[in-house]
Structure formats: structure tokens, C-alpha cells
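*Asks:* Questions regarding the structure given below will be posed in turn.
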Amino acid sequence: MSKLYLVPTPIGNLKDITFRAVEVLKDVDLILAEDTRTSGKLLKHFEITTQMQSHHMHNEHKTVNHLIEKLKAGLTIAVISDAGTPAISDPGFLLVRACVENNIEVDCLPGATAFVPALVNSGLPNDKFVFEGFLPVKKGRQTRFLLLAEETRTMIFYESPHKLVKTLGHFCEYFGEDRPVSVSREITKLYEETIRGTAKEVLEHYTNKPPKGEIVIIVGGKSK
């Protein structure tokens, strides 16, 4: 029977892949990979020889209908991103939506994702939180900050290293210098670290020590 699998891949440490994930990737007819070169290294490590096809943010709009036809024909397909769970700030949503609309079964495996360990490790309230992912680069950025300044739940952001200092500066400007912030970097990797403090303190730290690697920012909500 046709089925679409969403398969989380390690965000750093290869040991974080599940036995089930490896089994599914070996058994499906086709793997859709965000970057076939990056995923090729992972598949080689686990001796997975399944055919791969490129599926990323620049082509997913064009390929969805063709992939739905493949699924309707009885193929099983797995979606993977470069790291973490597909469709979380990565390609995957459009295909899942199309599968739901066409009554094609979808199975998302549990597994690695960056924001959960960063949230738990932050020490900030995690009973209620909002995932914001990447902030707008230009258009709508100020509007988003003005809206989030009133958010009372803990907020989660993804950010690139070369934009971190700018974003922390905006936190100081729109949320206040005393707003609690936790920045987790290189989660599960050799140089993993978490820096906690006020927005001003964390900004000063990364101004003096430019960051590298994948970054998750956790920001405390506005006090009631």
C-alpha cells in the first residue's frame, strides 16, 4: 500500500537516529532528500541503498503533483531533511497536505528535532510555548516583533549564526534588555553549548564571541 513517511534524521550525533527510521529508509521505494549530497553521507553510513530524489524549498511546489501520482500508483516514499524532523522549518508540509487531501496515508516517525532539547535545557517555562521558527528577514520583521512583545508564553526561534547578534539586539529593543534568553548552539555535537542570561547579557556574550553552527533561541514570555 502507498504511504508517505516523514523520517527525522540526526541533528548532529549520528547515534540519535532510531532503529525504526533506518528500517523505513531501507524499505521504502523512494527517499526525498533536502540535499542528496548531505543525505548521501547519512545513508552510506547506515548502508541504505534506496533511491534518492531531491526535494527542497525551491522545487517542492513543482514536484508535489508528480509525487502524489507516484503514491497513488502504490509507491512508498520517505521524506528526510538535512537534519531533524521534516516540515519543521524544512520542506515537507506541502506534500503532507496533498496526501491528506488525496486520502493517502501519512506516518510521521518520532525522532530528532532541535527545539525540544533547547527548550527543556533553557530552564524557562515549558508548560506553554510558541514555536516561531525563523523570523522574517526584512518585510514584516518589525511587525512580528511588536506582536511578540506581548506574548506571555515562552518563545522558540531558529537563527543563523551571522544574524544572531542582530536578532538579540532586536530582542533588547522590543522585549527589553532584562528579558530572559537562552541560546543553544550545536546541539548533540562536539562543541554543544547553552548560554543563558538576560537579552543584554547574551547579546554582550555573542558580540564578543561570534557564534558558529546551528542555533536555537528560547525567550521568556512577557511577565503578566
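Every chain in the C-alpha cells takes a letter, A first, then B, and so on in the order presented; its residues are numbered from 1, and the ligands are numbered from 1 following the presented order.
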As a ChimeraX atom specification, please: all residues of stretch 66-142 of chain A that backbone DSSP puts in alpha helix (DSSP H).
*Replies:* /A:66-72,93-101,115-122,141-142
*Asks:* Compile the contact shell of A:Leu32 as a PyMOL selection string: residues with an atom at most 7 Å away, counting only C-alpha atoms, same-chain residues fewer than 6 positions apart removed.
*Replies:* chain A and resi 52-55+78-80
*Asks:* Restricting the calculation to only C-alpha atoms: of A:Pro91, A:Gly220, A:Gly111, A:Pro125, which residue gets closest to A:Glu151?
*Replies:*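 The answer is A:Gly220, which sits nearest to A:Glu151.
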*Asks:* Neighbours of A:Arg153 within 8 Å (only C-alpha atoms; same-chain residues fewer than 2 positions away dropped), as number ranges by chain?
*Replies:* A: 128-130, 151, 155, 220-222
*Asks:* Could the residues in this selection be written to a file with C-alpha atoms, as a PDB file, in the first residue's frame?
*Replies:*
```pdb
ATOM      1  CA  LYS A 128       3.140  26.510  27.324  1.00  0.00           C
ATOM      2  CA  PHE A 129       5.258  27.729  24.422  1.00  0.00           C
ATOM      3  CA  VAL A 130       5.059  29.045  20.881  1.00  0.00           C
ATOM      4  CA  GLU A 151       3.426  37.172  24.044  1.00  0.00           C
ATOM      5  CA  MET A 155       9.040  31.643  22.512  1.00  0.00           C
ATOM      6  CA  GLY A 220      10.847  34.016  28.145  1.00  0.00           C
ATOM      7  CA  GLY A 221       7.359  35.429  27.629  1.00  0.00           C
ATOM      8  CA  LYS A 222       6.207  38.796  28.899  1.00  0.00           C
TER       9      LYS A 222
END
```
*Asks:* What's the 10 Å shell around stretch 40-46 of chain A, counting only C-alpha atoms, without same-chain residues fewer than 2 positions away, as a PyMOL selection string?
*Replies:* chain A and resi 9-10+14+17+22-23+25-26+33+35-38+48-50+52+82
*Asks:* What's around A:Gly213 at 10 Å? Count only C-alpha atoms, leave out sequence neighbours fewer than 2 positions away in its own chain, and write the answer as a list in words.
*Replies:*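 Non-adjacent residues within range: Glu159, Ser160, Pro161, His162, Ser184, Arg185, Glu186, Ile187, Lys189, Tyr191, Glu192, Pro211 and Ile215 of chain A.
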*Asks:* Using DSSP assignments from the backbone, pull out every residue in stretch 5-182 of chain A that falls under strand (DSSP E or B) and give it to me as a PyMOL selection string.
*Replies:* chain A and resi 5-6+9+30-33+52-54+76-80+84+106-108+129-134+154-159+180-182
*Asks:* Could the residues in this selection be saved with N, CA and C atoms as a CSV table (one decimal), in the first residue's frame?
*Replies:*
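Here's the written file out18.csv:
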```
chain,number,residue,atom,x,y,z
A,5,TYR,N,6.1,8.5,4.5
A,5,TYR,CA,6.7,8.6,5.8
A,5,TYR,C,7.5,9.9,5.9
A,6,LEU,N,7.4,10.5,7.1
A,6,LEU,CA,8.3,11.6,7.4
A,6,LEU,C,9.3,11.1,8.5
A,9,THR,N,16.0,12.8,11.0
A,9,THR,CA,17.4,12.4,10.9
A,9,THR,C,18.2,13.1,11.9
A,30,LEU,N,11.3,5.1,-2.4
A,30,LEU,CA,12.0,6.3,-2.8
A,30,LEU,C,12.2,7.2,-1.5
A,31,ILE,N,13.3,7.9,-1.5
A,31,ILE,CA,13.6,8.8,-0.4
A,31,ILE,C,13.7,10.2,-1.0
A,32,LEU,N,12.9,11.1,-0.5
A,32,LEU,CA,13.0,12.5,-0.9
A,32,LEU,C,13.9,13.3,0.1
A,33,ALA,N,15.0,13.8,-0.4
A,33,ALA,CA,16.0,14.4,0.5
A,33,ALA,C,16.2,15.9,0.1
A,52,MET,N,17.3,8.0,-4.1
A,52,MET,CA,17.0,9.3,-3.6
A,52,MET,C,16.6,10.2,-4.7
A,53,GLN,N,15.8,11.2,-4.3
A,53,GLN,CA,15.4,12.3,-5.2
A,53,GLN,C,15.4,13.6,-4.5
A,54,SER,N,15.9,14.7,-5.1
A,54,SER,CA,15.9,16.0,-4.5
A,54,SER,C,14.5,16.6,-4.2
A,76,THR,N,5.9,3.6,-1.9
A,76,THR,CA,6.0,4.1,-0.5
A,76,THR,C,7.2,5.1,-0.6
A,77,ILE,N,7.0,6.3,0.0
A,77,ILE,CA,8.0,7.3,-0.1
A,77,ILE,C,8.3,7.9,1.3
A,78,ALA,N,9.6,8.1,1.5
A,78,ALA,CA,10.1,8.7,2.8
A,78,ALA,C,10.6,10.1,2.5
A,79,VAL,N,10.3,11.1,3.4
A,79,VAL,CA,10.8,12.4,3.3
A,79,VAL,C,11.8,12.6,4.4
A,80,ILE,N,13.0,13.1,4.1
A,80,ILE,CA,14.0,13.5,5.1
A,80,ILE,C,14.5,14.9,4.8
A,84,GLY,N,17.0,16.8,11.5
A,84,GLY,CA,15.8,17.0,12.3
A,84,GLY,C,14.6,16.4,11.6
A,106,VAL,N,-0.3,9.0,5.9
A,106,VAL,CA,0.9,9.7,6.3
A,106,VAL,C,1.3,9.2,7.6
A,107,ASP,N,2.6,8.9,7.8
A,107,ASP,CA,3.2,8.3,9.0
A,107,ASP,C,4.4,9.1,9.4
A,108,CYS,N,4.3,10.0,10.4
A,108,CYS,CA,5.5,10.7,10.9
A,108,CYS,C,6.1,10.0,12.0
A,129,PHE,N,4.2,27.1,25.2
A,129,PHE,CA,5.3,27.7,24.4
A,129,PHE,C,4.8,27.9,23.0
A,130,VAL,N,5.4,28.8,22.3
A,130,VAL,CA,5.1,29.0,20.9
A,130,VAL,C,6.3,28.9,20.0
A,131,PHE,N,6.2,28.1,18.9
A,131,PHE,CA,7.3,27.9,18.0
A,131,PHE,C,7.2,28.9,16.9
A,132,GLU,N,8.2,29.8,16.8
A,132,GLU,CA,8.2,30.8,15.7
A,132,GLU,C,9.1,30.5,14.6
A,133,GLY,N,10.1,29.6,14.8
A,133,GLY,CA,11.0,29.2,13.7
A,133,GLY,C,11.8,30.4,13.3
A,134,PHE,N,12.1,30.6,12.0
A,134,PHE,CA,12.9,31.7,11.5
A,134,PHE,C,12.1,33.0,11.4
A,154,THR,N,6.5,31.2,26.5
A,154,THR,CA,7.9,31.0,26.1
A,154,THR,C,8.0,30.9,24.6
A,155,MET,N,8.9,31.6,24.0
A,155,MET,CA,9.0,31.6,22.5
A,155,MET,C,10.3,30.9,22.0
A,156,ILE,N,10.2,30.2,20.9
A,156,ILE,CA,11.3,29.5,20.3
A,156,ILE,C,11.6,30.0,18.9
A,157,PHE,N,12.8,30.3,18.7
A,157,PHE,CA,13.3,30.8,17.4
A,157,PHE,C,14.5,30.0,16.9
A,158,TYR,N,14.5,29.8,15.5
A,158,TYR,CA,15.7,29.3,14.9
A,158,TYR,C,16.4,30.6,14.3
A,159,GLU,N,17.8,30.5,14.3
A,159,GLU,CA,18.5,31.6,13.8
A,159,GLU,C,19.9,31.2,13.2
A,180,PRO,N,14.5,37.3,29.9
A,180,PRO,CA,15.4,36.0,29.9
A,180,PRO,C,15.5,35.4,28.6
A,181,VAL,N,16.8,35.0,28.2
A,181,VAL,CA,17.1,34.4,26.9
A,181,VAL,C,18.0,33.2,27.2
A,182,SER,N,17.8,32.2,26.4
A,182,SER,CA,18.7,31.0,26.4
A,182,SER,C,19.1,30.7,24.9
```
*Asks:* Do you have the atom CA of A:Ile68-atom CA of A:Thr85 distance handy?
*Replies:*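 A separation of 20.7 Å between them.
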*Asks:* Can you list, as a list in words, every protein, DNA or RNA residue that comes within 12 Å of A:Lys70 when you count only C-alpha atoms, leaving out same-chain residues fewer than 6 positions away?
*Replies:* Met1, Ser2, Lys3, Leu4, Asp29, Leu30, Thr63, Val64, Thr76, Ile77, Cys99 and Ile104 of chain A
